[in-house]
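Peer 1: The file below is final.csv, CSV, C-alpha atoms and all ligand atoms:
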chain,number,residue,atom,x,y,z
Q,264,MET,CA,0.0,0.0,0.0
Q,265,GLY,CA,3.0,2.3,0.6
Q,266,HIS,CA,3.4,3.0,-3.1
Q,267,MET,CA,0.0,4.5,-3.2
Q,268,GLY,CA,1.3,7.5,-1.3
Q,269,GLY,CA,-1.4,9.5,0.4
Q,270,HIS,CA,-3.9,6.8,0.0
Q,271,ALA,CA,-2.3,4.7,2.7
Q,272,HIS,CA,-3.3,7.2,5.3
Q,273,ALA,CA,-6.5,8.3,3.6
Q,274,ALA,CA,-9.7,8.2,5.6
Q,275,PRO,CA,-11.9,5.2,5.1
Q,276,PRO,CA,-14.4,5.5,2.3
Q,277,GLN,CA,-16.9,8.3,3.0
Q,278,GLY,CA,-20.6,8.0,2.7
Q,279,PRO,CA,-23.1,5.3,3.6
Q,280,GLN,CA,-22.0,1.7,3.0
Q,281,PRO,CA,-24.4,-1.2,2.6
Q,282,LEU,CA,-24.3,-3.9,5.3
Q,283,PRO,CA,-23.3,-7.2,3.7
Q,284,GLY,CA,-26.0,-9.8,4.1
Q,285,ILE,CA,-28.8,-7.3,4.9
Q,286,ALA,CA,-31.3,-6.7,2.2
Q,287,HIS,CA,-33.5,-3.9,3.6
Q,288,ILE,CA,-33.0,-1.4,6.3
Q,289,VAL,CA,-36.3,0.3,7.3
Q,290,ALA,CA,-36.6,3.0,9.9
Q,291,VAL,CA,-39.7,3.8,12.0
Q,292,GLY,CA,-40.0,7.5,12.8
Q,293,SER,CA,-42.7,10.0,13.8
Q,294,GLY,CA,-41.6,13.5,14.7
Q,295,LYS,CA,-43.8,13.5,17.9
Q,296,GLY,CA,-43.0,11.3,20.9
Q,297,GLY,CA,-45.2,8.7,22.3
Q,298,VAL,CA,-47.3,8.0,19.2
Q,299,GLY,CA,-46.3,4.3,19.0
Q,300,LYS,CA,-43.0,4.1,17.1
Q,301,THR,CA,-41.6,1.3,19.3
Q,302,THR,CA,-44.9,-0.5,19.4
Q,303,LEU,CA,-45.0,-0.5,15.6
Q,304,ALA,CA,-41.3,-1.4,15.3
Q,305,VAL,CA,-41.6,-4.5,17.6
Q,306,ASN,CA,-44.9,-5.7,16.2
Q,307,LEU,CA,-43.7,-5.1,12.6
Q,308,ALA,CA,-40.5,-7.0,13.3
Q,309,ILE,CA,-42.5,-10.0,14.7
Q,310,ALA,CA,-45.1,-9.9,11.9
Q,311,LEU,CA,-42.4,-9.8,9.2
Q,312,ALA,CA,-40.7,-12.8,10.9
Q,313,ARG,CA,-43.9,-14.7,11.1
Q,314,LEU,CA,-44.5,-14.0,7.4
Q,315,GLY,CA,-41.2,-15.9,6.8
Q,316,HIS,CA,-38.6,-13.1,6.7
Q,317,ARG,CA,-35.3,-13.0,8.6
Q,318,VAL,CA,-35.5,-9.9,10.8
Q,319,GLY,CA,-33.3,-7.8,13.0
Q,320,LEU,CA,-34.2,-4.8,15.2
Q,321,VAL,CA,-32.0,-1.8,16.2
Q,322,ASP,CA,-33.1,0.3,19.1
Q,323,ALA,CA,-31.8,3.7,17.9
Q,324,ASP,CA,-33.5,5.5,20.8
Q,325,ILE,CA,-30.3,5.9,22.7
Q,326,TYR,CA,-31.8,8.1,25.5
Q,327,GLY,CA,-35.1,6.2,25.9
Q,328,PRO,CA,-34.5,2.6,24.8
Q,329,ASN,CA,-37.8,0.7,25.2
Q,330,VAL,CA,-37.1,-2.2,22.8
Q,331,PRO,CA,-35.7,-4.7,25.4
Q,332,LEU,CA,-38.7,-4.3,27.7
Q,333,MET,CA,-41.2,-4.5,24.8
Q,334,MET,CA,-39.5,-7.6,23.4
Q,335,GLY,CA,-38.9,-9.2,26.8
Q,336,ALA,CA,-35.2,-9.3,26.2
Q,337,THR,CA,-33.5,-9.3,29.5
Q,338,ARG,CA,-29.9,-10.6,28.8
Q,339,GLN,CA,-26.9,-8.4,28.0
Q,340,PRO,CA,-25.3,-8.7,24.6
Q,341,ARG,CA,-21.9,-10.6,24.4
Q,342,VAL,CA,-18.9,-8.8,23.0
Q,343,LEU,CA,-16.7,-11.3,21.1
Q,344,ASP,CA,-12.9,-11.4,20.9
Q,345,ASN,CA,-12.8,-9.3,17.7
Q,346,ASN,CA,-15.0,-6.6,19.3
Q,347,ALA,CA,-18.0,-7.8,17.4
Q,348,ILE,CA,-21.2,-7.7,19.3
Q,349,GLU,CA,-23.6,-10.6,19.4
Q,350,PRO,CA,-27.2,-9.5,19.1
Q,351,LEU,CA,-29.8,-10.6,21.6
Q,352,GLU,CA,-32.6,-12.8,20.3
Q,353,ALA,CA,-36.3,-12.6,21.3
Q,354,HIS,CA,-39.3,-14.0,19.6
Q,355,GLY,CA,-37.1,-15.0,16.6
Q,356,ILE,CA,-35.8,-11.4,16.2
Q,357,LYS,CA,-32.2,-10.4,16.6
Q,358,LEU,CA,-31.9,-7.1,18.4
Q,359,ILE,CA,-29.6,-4.6,19.9
Q,360,SER,CA,-30.3,-1.8,22.3
Q,361,VAL,CA,-28.4,0.6,24.7
Q,362,GLY,CA,-31.0,-0.5,27.2
Q,363,SER,CA,-29.5,-4.0,27.3
Q,364,ILE,CA,-25.9,-2.7,27.7
Q,365,SER,CA,-26.8,-0.2,30.4
Q,366,PRO,CA,-30.0,-1.5,32.0
Q,367,GLY,CA,-31.7,0.2,34.9
Q,368,ASP,CA,-33.0,3.7,35.3
Q,369,LYS,CA,-29.8,5.6,35.0
Q,370,PRO,CA,-29.9,7.7,31.8
Q,371,LEU,CA,-26.9,7.7,29.5
Q,372,VAL,CA,-25.4,11.1,29.3
Q,373,MET,CA,-23.7,11.5,26.0
Q,374,ARG,CA,-22.3,14.0,23.5
Q,375,GLY,CA,-23.1,13.9,19.8
Q,376,PRO,CA,-20.0,12.0,18.7
Q,377,MET,CA,-20.6,9.2,21.2
Q,378,LEU,CA,-24.2,8.9,19.9
Q,379,HIS,CA,-22.9,8.7,16.3
Q,380,GLN,CA,-20.4,6.0,17.4
Q,381,ILE,CA,-23.1,3.9,19.0
Q,382,ILE,CA,-25.3,4.0,16.0
Q,383,ARG,CA,-22.3,3.0,13.8
Q,384,GLN,CA,-21.5,0.1,16.1
Q,385,PHE,CA,-25.0,-1.1,16.3
Q,386,LEU,CA,-25.1,-1.3,12.5
Q,387,GLN,CA,-21.6,-2.4,11.6
Q,388,GLN,CA,-20.2,-4.3,14.6
Q,389,VAL,CA,-23.2,-6.5,15.4
Q,390,THR,CA,-23.1,-10.0,14.0
Q,391,TRP,CA,-26.4,-9.7,12.3
Q,392,GLY,CA,-25.8,-12.4,9.8
Q,393,GLU,CA,-28.2,-12.7,6.8
Q,394,LEU,CA,-31.3,-10.6,7.2
Q,395,ASP,CA,-34.2,-9.7,4.9
Q,396,PHE,CA,-35.2,-6.7,7.1
Q,397,LEU,CA,-33.4,-4.7,9.7
Q,398,ILE,CA,-35.9,-2.5,11.4
Q,399,VAL,CA,-34.7,0.7,13.1
Q,400,ASP,CA,-36.7,2.2,16.0
Q,401,LEU,CA,-36.0,5.9,15.9
Q,402,PRO,CA,-36.2,8.3,18.8
Q,403,PRO,CA,-38.8,11.1,18.7
Q,404,GLY,CA,-38.0,14.2,16.8
Q,405,THR,CA,-35.9,15.1,13.8
Q,406,GLY,CA,-32.4,15.0,15.3
Q,407,ASP,CA,-28.9,13.6,15.3
Q,408,VAL,CA,-29.8,9.9,15.2
Q,409,VAL,CA,-31.3,10.1,11.8
Q,410,ILE,CA,-28.2,12.0,10.5
Q,411,SER,CA,-25.9,9.3,12.0
Q,412,LEU,CA,-28.0,6.6,10.5
Q,413,VAL,CA,-28.1,8.0,6.9
Q,414,GLN,CA,-24.4,8.7,7.1
Q,415,THR,CA,-23.7,5.1,8.0
Q,416,VAL,CA,-26.0,3.0,5.8
Q,417,PRO,CA,-28.2,3.4,2.9
Q,418,LEU,CA,-31.8,3.0,4.0
Q,419,THR,CA,-34.5,1.3,1.9
Q,420,GLY,CA,-36.9,3.8,3.4
Q,421,ALA,CA,-38.8,5.0,6.5
Q,422,VAL,CA,-42.3,4.4,7.8
Q,423,VAL,CA,-43.8,7.5,9.4
Q,424,ILE,CA,-46.3,6.8,12.2
Q,425,SER,CA,-48.7,9.4,13.7
Q,426,THR,CA,-51.9,9.6,15.7
Q,427,PRO,CA,-54.7,11.4,13.9
Q,428,SER,CA,-54.6,14.5,16.1
Q,429,ASP,CA,-53.6,17.7,14.4
Q,430,VAL,CA,-50.8,18.1,16.9
Q,431,ALA,CA,-49.2,14.8,16.0
Q,432,LEU,CA,-49.7,15.3,12.3
Q,433,GLN,CA,-48.0,18.7,12.5
Q,434,ASP,CA,-44.9,16.9,13.8
Q,435,ALA,CA,-45.3,14.0,11.3
Q,436,ARG,CA,-45.1,16.5,8.5
Q,437,LYS,CA,-41.8,17.7,9.9
Q,438,ALA,CA,-40.6,14.2,9.9
Q,439,LEU,CA,-41.6,13.8,6.3
Q,440,GLU,CA,-39.7,16.9,5.4
Q,441,MET,CA,-36.7,15.7,7.3
Q,442,PHE,CA,-36.6,12.4,5.5
Q,443,HIS,CA,-36.9,14.3,2.3
Q,444,GLN,CA,-34.0,16.5,3.2
Q,445,VAL,CA,-31.7,13.6,4.0
Q,446,LYS,CA,-33.0,11.8,0.9
Q,447,VAL,CA,-34.6,8.9,2.6
Q,448,ASP,CA,-37.6,7.5,0.8
Q,449,VAL,CA,-40.8,7.3,2.9
Q,450,LEU,CA,-42.4,3.9,2.2
Q,451,GLY,CA,-45.7,5.1,3.7
Q,452,MET,CA,-47.6,6.3,6.7
Q,453,VAL,CA,-49.3,4.5,9.5
Q,454,GLU,CA,-52.1,5.8,11.8
Q,455,ASN,CA,-51.9,4.7,15.4
Q,456,MET,CA,-54.6,5.0,18.1
Q,457,SER,CA,-56.9,5.5,15.1
Q,458,HIS,CA,-60.1,4.7,17.0
Q,459,PHE,CA,-61.1,3.0,20.2
Q,460,GLU,CA,-64.0,0.5,20.5
Q,461,CYS,CA,-65.9,1.0,23.7
Q,462,PRO,CA,-65.9,-2.3,25.5
Q,463,HIS,CA,-69.4,-1.6,26.8
Q,464,CYS,CA,-71.4,-0.3,23.9
Q,465,HIS,CA,-68.9,-1.4,21.1
Q,466,LYS,CA,-69.2,1.9,19.4
Q,467,ALA,CA,-66.0,3.4,17.9
Q,468,ILE,CA,-64.7,6.4,19.8
Q,469,ASP,CA,-62.3,8.7,17.9
Q,470,ILE,CA,-60.1,9.7,20.9
Q,471,PHE,CA,-57.4,11.3,18.8
Q,472,SER,CA,-59.8,12.0,15.8
Q,473,GLN,CA,-59.6,9.7,12.8
Q,474,GLY,CA,-58.4,9.6,9.2
Q,475,GLY,CA,-56.0,12.5,9.4
Q,476,THR,CA,-52.9,10.4,8.7
Q,477,GLU,CA,-54.4,8.9,5.5
Q,478,ARG,CA,-55.3,12.5,4.4
Q,479,THR,CA,-51.8,13.6,5.2
Q,480,ALA,CA,-50.3,10.7,3.2
Q,481,ARG,CA,-52.5,11.6,0.3
Q,482,GLN,CA,-51.4,15.2,0.4
Q,483,PHE,CA,-47.7,14.1,0.3
Q,484,ASN,CA,-48.5,11.5,-2.4
Q,485,LEU,CA,-47.5,8.7,-0.1
Q,486,PRO,CA,-49.0,5.2,0.4
Q,487,PHE,CA,-51.1,4.8,3.5
Q,488,LEU,CA,-50.0,1.5,5.0
Q,489,GLY,CA,-52.7,0.9,7.6
Q,490,ALA,CA,-54.5,2.0,10.8
Q,491,ILE,CA,-54.0,0.6,14.3
Q,492,ALA,CA,-56.8,0.9,16.9
Q,493,LEU,CA,-56.2,2.1,20.4
Q,494,ASP,CA,-56.4,-1.1,22.4
Q,495,PRO,CA,-55.3,-1.8,25.9
Q,496,GLU,CA,-54.1,-5.2,24.8
Q,497,ILE,CA,-51.5,-3.5,22.6
Q,498,ARG,CA,-50.2,-1.6,25.6
Q,499,PHE,CA,-50.3,-4.6,27.8
Q,500,GLY,CA,-48.4,-6.7,25.3
Q,501,GLY,CA,-45.7,-4.1,25.1
Q,502,ASP,CA,-45.4,-3.8,28.9
Q,503,ARG,CA,-44.9,-7.5,29.4
Q,504,GLY,CA,-42.6,-8.2,26.5
Q,505,LEU,CA,-45.1,-10.2,24.5
Q,506,PRO,CA,-46.2,-7.9,21.7
Q,507,VAL,CA,-49.7,-8.7,20.3
Q,508,ALA,CA,-48.2,-9.7,16.9
Q,509,LEU,CA,-47.2,-13.0,18.5
Q,510,ALA,CA,-50.9,-13.9,18.5
Q,511,GLY,CA,-50.7,-14.3,14.7
Q,512,GLU,CA,-52.3,-12.8,11.7
Q,513,HIS,CA,-55.8,-13.8,12.5
Q,514,SER,CA,-55.9,-12.3,15.9
Q,515,GLU,CA,-58.1,-9.2,16.1
Q,516,GLN,CA,-55.4,-7.1,17.8
Q,517,ALA,CA,-52.6,-8.3,15.6
Q,518,LYS,CA,-54.1,-8.2,12.1
Q,519,SER,CA,-53.4,-4.5,11.4
Q,520,PHE,CA,-49.7,-5.1,12.1
Q,521,TYR,CA,-49.6,-8.0,9.6
Q,522,GLN,CA,-51.4,-5.9,7.0
Q,523,ILE,CA,-48.8,-3.1,7.6
Q,524,ALA,CA,-45.9,-5.7,7.5
Q,525,ARG,CA,-47.1,-7.0,4.1
Q,526,ALA,CA,-47.4,-3.5,2.7
Q,527,VAL,CA,-43.9,-2.6,4.0
Q,528,ALA,CA,-42.4,-5.7,2.5
Q,529,ALA,CA,-44.0,-5.1,-0.8
Q,530,ARG,CA,-42.9,-1.4,-0.9
Q,531,ALA,CA,-39.4,-2.3,0.2
Q,532,GLN,CA,-39.1,-4.9,-2.6
Q,533,GLN,CA,-40.5,-2.4,-5.1
Q,534,ARG,CA,-38.0,0.1,-4.0
Q,535,ALA,CA,-35.1,-2.3,-4.4
Q,536,ALA,CA,-36.3,-3.1,-7.9
Q,537,THR,CA,-36.4,0.6,-8.9
Q,538,ASP,CA,-32.9,1.1,-7.4
Q,539,THR,CA,-31.6,-1.6,-9.7
Q,540,ASN,CA,-33.2,0.1,-12.7
Q,541,VAL,CA,-31.6,3.4,-11.8
Q,542,LEU,CA,-28.2,1.7,-11.6
Q,543,GLU,CA,-28.7,0.0,-14.9
Q,544,ILE,CA,-29.7,3.2,-16.6
Q,545,SER,CA,-26.9,5.4,-15.3
Q,601,LIG,N1,-52.5,1.3,19.5
Q,601,LIG,C1,-52.2,1.3,20.8
Q,601,LIG,N2,-53.1,1.0,21.8
Q,601,LIG,C2,-52.8,1.0,23.1
Q,601,LIG,N3,-51.6,1.5,23.6
Q,601,LIG,C3,-50.7,1.8,22.7
Q,601,LIG,C4,-50.9,1.8,21.3
Q,601,LIG,N4,-49.8,2.2,20.6
Q,601,LIG,C5,-48.9,2.5,21.6
Q,601,LIG,N5,-49.4,2.3,22.8
Q,601,LIG,C6,-48.8,2.5,24.1
Q,601,LIG,O1,-48.5,3.9,24.2
Q,601,LIG,C7,-47.3,4.1,24.8
Q,601,LIG,C8,-46.3,4.8,23.9
Q,601,LIG,O2,-46.0,4.0,22.8
Q,601,LIG,P1,-44.6,3.8,22.2
Q,601,LIG,O3,-43.6,3.7,23.3
Q,601,LIG,O4,-44.6,2.7,21.2
Q,601,LIG,O5,-44.4,5.2,21.5
Q,601,LIG,P2,-43.1,5.8,20.9
Q,601,LIG,O6,-43.5,6.7,19.8
Q,601,LIG,O7,-42.0,4.8,20.7
Q,601,LIG,O8,-42.6,6.7,22.1
Q,601,LIG,P3,-41.2,7.5,22.2
Q,601,LIG,O9,-41.3,8.7,21.4
Q,601,LIG,O10,-41.1,7.8,23.7
Q,601,LIG,O11,-40.1,6.6,21.7
Q,601,LIG,C9,-46.8,2.7,25.2
Q,601,LIG,O12,-47.1,2.4,26.5
Q,601,LIG,C10,-47.5,1.8,24.3
Q,601,LIG,O13,-47.7,0.5,24.8
Q,602,MG,MG,-40.1,4.6,21.3
Would it be possible to restate this file's structure as structure tokens?

Peer 2:
Amino acid sequence: MGHMGGHAHAAPPQGPQPLPGIAHIVAVGSGKGGVGKTTLAVNLAIALARLGHRVGLVDADIYGPNVPLMMGATRQPRVLDNNAIEPLEAHGIKLISVGSISPGDKPLVMRGPMLHQIIRQFLQQVTWGELDFLIVDLPPGTGDVVISLVQTVPLTGAVVISTPSDVALQDARKALEMFHQVKVDVLGMVENMSHFECPHCHKAIDIFSQGGTERTARQFNLPFLGAIALDPEIRFGGDRGLPVALAGEHSEQAKSFYQIARAVAARAQQRAATDTNVLEIS
């Protein structure tokens, strides 16, 4: 390498590098906090796995990692001799989270460069093996984590989730704009807490309004991937580490997640096909 002069000391190749063996990287984002990103990420991961895909899950919410609790993953990941990190496994999903490395209630206090380093390690140093989908659960907002992510790997796309309230949709539009700015394709939008069926009179109650996410998707010319009802079982499943998607496609609570999973898989494969076309043309 010496004869190559400056190149011997040149920085490693810049720009996002695909992860060998991983077909699709799909991020779940929202803009607003607490609208169900992690709930969607874990149930989407499980639904995709039950539909026959090999799935990994990155908890990119460094400050508020909820994936281990929602997946019932209590172990700590093993660091191998070569500094590679072995992912945890729960419900057939490989996963990694800061919450497994530093469990408990103590927050991680970090500067930007450390955060970037962790995102890089989670993607590049974890022994993911062969995956059809790597789902990335994003933190709320439009901040640093997304920048680190897009600088590290090419994403197939993002799924933007919102409740139908105007407040959540205002933030969802910001998230759409952010993904546009960093050139991440939005695969579609999901409405969460779309309606609530009263257990007593069985009437639908629109606690956060209804239909706004589909309208927003239409305005932005994006596919609407599905609506998830507000349902205590969904919350309960998350709290005990047994997400409702485990009940299978025909369960009332789980079926919307399977519908969304099928739509995400179709969109991702469509995207991959158009990417190839672009490469062939240019
Ligand atoms: N459809 C639903 N029905 C009932 N509870 C839900 C539903 N979706 C999410 N929840 C509950 O609402 C709470 C917030 O959801 P979740 O943690 O998935 O949101 P988030 O967008 O990831 O939040 P954060 O921005 O803090 O990361 C959780 O307790 C979760 O179980
Ligand atoms: Mg979350």

Peer 1: Taking into account all atoms listed in the file, which residue in the set Q:Val298, Q:Leu351, Q:Val372, Q:Leu307 is nearest to ligand LIG 601 (chain Q)?

Peer 2: Q:Val298

Peer 1: What gap, in Å, lies between CA of Phe396 (chain Q) and CA of Gln384 (chain Q)?

Peer 2: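 Atom-to-atom, CA of Phe396 (chain Q) to CA of Gln384 (chain Q), that is 17.7 Å.
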
Peer 1: Can I get the residues close to ligand MG 602 (chain Q) as an mmCIF file with C-alpha atoms, in the coordinates of the input, where close means within 8 Å and we count all atoms listed in the file?

Peer 2:
data_model
loop_
_atom_site.group_PDB
_atom_site.id
_atom_site.type_symbol
_atom_site.label_atom_id
_atom_site.label_comp_id
_atom_site.auth_asym_id
_atom_site.auth_seq_id
_atom_site.Cartn_x
_atom_site.Cartn_y
_atom_site.Cartn_z
ATOM 1 C CA GLY Q 296 -43.000 11.300 20.900
ATOM 2 C CA GLY Q 297 -45.200 8.700 22.300
ATOM 3 C CA GLY Q 299 -46.300 4.300 19.000
ATOM 4 C CA LYS Q 300 -43.000 4.100 17.100
ATOM 5 C CA THR Q 301 -41.600 1.300 19.300
ATOM 6 C CA THR Q 302 -44.900 -0.500 19.400
ATOM 7 C CA ASP Q 324 -33.500 5.500 20.800
ATOM 8 C CA GLY Q 327 -35.100 6.200 25.900
ATOM 9 C CA PRO Q 328 -34.500 2.600 24.800
ATOM 10 C CA ASN Q 329 -37.800 0.700 25.200
ATOM 11 C CA VAL Q 330 -37.100 -2.200 22.800
ATOM 12 C CA ASP Q 400 -36.700 2.200 16.000
ATOM 13 C CA LEU Q 401 -36.000 5.900 15.900
ATOM 14 C CA PRO Q 402 -36.200 8.300 18.800
ATOM 15 C CA PRO Q 403 -38.800 11.100 18.700
#

Peer 1: Give me the residues within 9 Å of Leu386 (chain Q) as a list in words, counting only C-alpha atoms and dropping any in the same chain fewer than 3 places off.

Peer 2: Leu282, Val321, Ile381, Ile382, Arg383, Val389, Trp391, Leu412, Thr415 and Val416 of chain Q

Peer 1: To box ligand LIG 601 (chain Q), take all atoms listed in the file, fit an axis-aligned box, add 5 Å on each side, and give centre and edge lengths in Å to one decimal, as lines of an AutoDock Vina configuration file.

Peer 2:
center_x = -46.6
center_y = 4.6
center_z = 23.0
size_x = 23.0
size_y = 18.2
size_z = 17.0

Peer 1: Hey, which of Q:Ala336, Q:Met377, Q:Leu432, Q:Val399 ends up closest to Thr419 (chain Q)? Count only C-alpha atoms.

Peer 2: Q:Val399

Peer 1: Between CA of Arg481 (chain Q) and CA of Val430 (chain Q), what is the distance in Å, rounded to a tenth?

Peer 2: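 So the answer is 17.9 Å.
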
Peer 1: Enter the distance from CA of Gly451 (chain Q) to CA of Phe385 (chain Q), in Å, rounded to one decimal.

Peer 2: 25.0 Å

Peer 1: If we count only C-alpha atoms and set the cut-off at 12 Å, which residues sit around Pro366 (chain Q), ignoring sequence neighbours fewer than 2 positions away in its own chain? Please answer as a PyMOL selection string.

Peer 2: chain Q and resi 325-332+336-340+360-364+368-371

Peer 1: Nearest to ligand LIG 601 (chain Q): which of Q:Ala353, Q:Val453, Q:Leu303, Q:Val409 is it, counting only C-alpha atoms and all ligand atoms?

Peer 2: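 Ranked by minimum distance to ligand LIG 601 (chain Q), first place goes to Q:Leu303.
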
Peer 1: Of the candidates Q:Asn346, Q:Gln277, Q:Gln414, Q:Asn455, which shows the shortest atom-to-atom distance to ligand LIG 601 (chain Q), using all atoms listed in the file?

Peer 2: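 Among the listed residues, the smallest separation from ligand LIG 601 (chain Q) belongs to Q:Asn455.
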
Peer 1: Tell me which protein, DNA and RNA residues are within 12 Å of Gln433 (chain Q), counting only C-alpha atoms, leaving out same-chain ones fewer than 6 positions away, and put them as a list in words.

Peer 2: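 Once the nearby chain positions are removed, what remains is Ser293, Gly294, Lys295, Gly404, Ser425, Thr426, Pro427, Leu439, Glu440, Gly475, Thr476 and Thr479 of chain Q.
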
Peer 1: Using only C-alpha atoms, which of Q:Val291, Q:Lys357, Q:Leu505, Q:Gln444 sits nearest Asp395 (chain Q)?

Peer 2: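 Checking each candidate against Asp395 (chain Q), we get Q:Lys357 as the closest.
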
Peer 1: Given all atoms listed in the file as the basis, pick out the residue of Q:Val342, Q:Leu509, Q:Ile470, Q:Met373 nearest to ligand LIG 601 (chain Q).

Peer 2: Q:Ile470

Peer 1: Complete the atoms of region 500-514 of chain Q to N, CA and C atoms and put them out as a PDB file, in the frame of the given file.

Peer 2:
ATOM      1  N   GLY Q 500     -49.399  -5.897  25.945  1.00  0.00           N
ATOM      2  CA  GLY Q 500     -48.400  -6.700  25.300  1.00  0.00           C
ATOM      3  C   GLY Q 500     -47.033  -6.137  25.303  1.00  0.00           C
ATOM      4  N   GLY Q 501     -46.954  -4.825  25.083  1.00  0.00           N
ATOM      5  CA  GLY Q 501     -45.700  -4.100  25.100  1.00  0.00           C
ATOM      6  C   GLY Q 501     -45.069  -4.141  26.521  1.00  0.00           C
ATOM      7  N   ASP Q 502     -45.916  -3.890  27.517  1.00  0.00           N
ATOM      8  CA  ASP Q 502     -45.400  -3.800  28.900  1.00  0.00           C
ATOM      9  C   ASP Q 502     -44.894  -5.140  29.422  1.00  0.00           C
ATOM     10  N   ARG Q 503     -45.422  -6.249  28.898  1.00  0.00           N
ATOM     11  CA  ARG Q 503     -44.900  -7.500  29.400  1.00  0.00           C
ATOM     12  C   ARG Q 503     -44.009  -8.267  28.489  1.00  0.00           C
ATOM     13  N   GLY Q 504     -43.571  -7.581  27.441  1.00  0.00           N
ATOM     14  CA  GLY Q 504     -42.600  -8.200  26.500  1.00  0.00           C
ATOM     15  C   GLY Q 504     -43.146  -9.231  25.622  1.00  0.00           C
ATOM     16  N   LEU Q 505     -44.462  -9.217  25.438  1.00  0.00           N
ATOM     17  CA  LEU Q 505     -45.100 -10.200  24.500  1.00  0.00           C
ATOM     18  C   LEU Q 505     -46.016  -9.391  23.567  1.00  0.00           C
ATOM     19  N   PRO Q 506     -45.415  -8.752  22.566  1.00  0.00           N
ATOM     20  CA  PRO Q 506     -46.200  -7.900  21.700  1.00  0.00           C
ATOM     21  C   PRO Q 506     -47.352  -8.700  20.999  1.00  0.00           C
ATOM     22  N   VAL Q 507     -48.451  -7.996  20.743  1.00  0.00           N
ATOM     23  CA  VAL Q 507     -49.700  -8.700  20.300  1.00  0.00           C
ATOM     24  C   VAL Q 507     -49.454  -9.417  18.945  1.00  0.00           C
ATOM     25  N   ALA Q 508     -48.482  -9.004  18.154  1.00  0.00           N
ATOM     26  CA  ALA Q 508     -48.200  -9.700  16.900  1.00  0.00           C
ATOM     27  C   ALA Q 508     -47.935 -11.162  17.064  1.00  0.00           C
ATOM     28  N   LEU Q 509     -47.487 -11.541  18.263  1.00  0.00           N
ATOM     29  CA  LEU Q 509     -47.200 -13.000  18.500  1.00  0.00           C
ATOM     30  C   LEU Q 509     -48.459 -13.813  18.426  1.00  0.00           C
ATOM     31  N   ALA Q 510     -49.628 -13.183  18.570  1.00  0.00           N
ATOM     32  CA  ALA Q 510     -50.900 -13.900  18.500  1.00  0.00           C
ATOM     33  C   ALA Q 510     -51.220 -14.355  17.070  1.00  0.00           C
ATOM     34  N   GLY Q 511     -50.472 -13.835  16.091  1.00  0.00           N
ATOM     35  CA  GLY Q 511     -50.700 -14.300  14.700  1.00  0.00           C
ATOM     36  C   GLY Q 511     -51.621 -13.432  13.919  1.00  0.00           C
ATOM     37  N   GLU Q 512     -51.570 -13.653  12.622  1.00  0.00           N
ATOM     38  CA  GLU Q 512     -52.300 -12.800  11.700  1.00  0.00           C
ATOM     39  C   GLU Q 512     -53.762 -12.740  11.860  1.00  0.00           C
ATOM     40  N   HIS Q 513     -54.350 -13.794  12.423  1.00  0.00           N
ATOM     41  CA  HIS Q 513     -55.800 -13.800  12.500  1.00  0.00           C
ATOM     42  C   HIS Q 513     -56.353 -13.276  13.799  1.00  0.00           C
ATOM     43  N   SER Q 514     -55.450 -12.900  14.684  1.00  0.00           N
ATOM     44  CA  SER Q 514     -55.900 -12.300  15.900  1.00  0.00           C
ATOM     45  C   SER Q 514     -56.402 -10.879  15.666  1.00  0.00           C
TER      46      SER Q 514
END
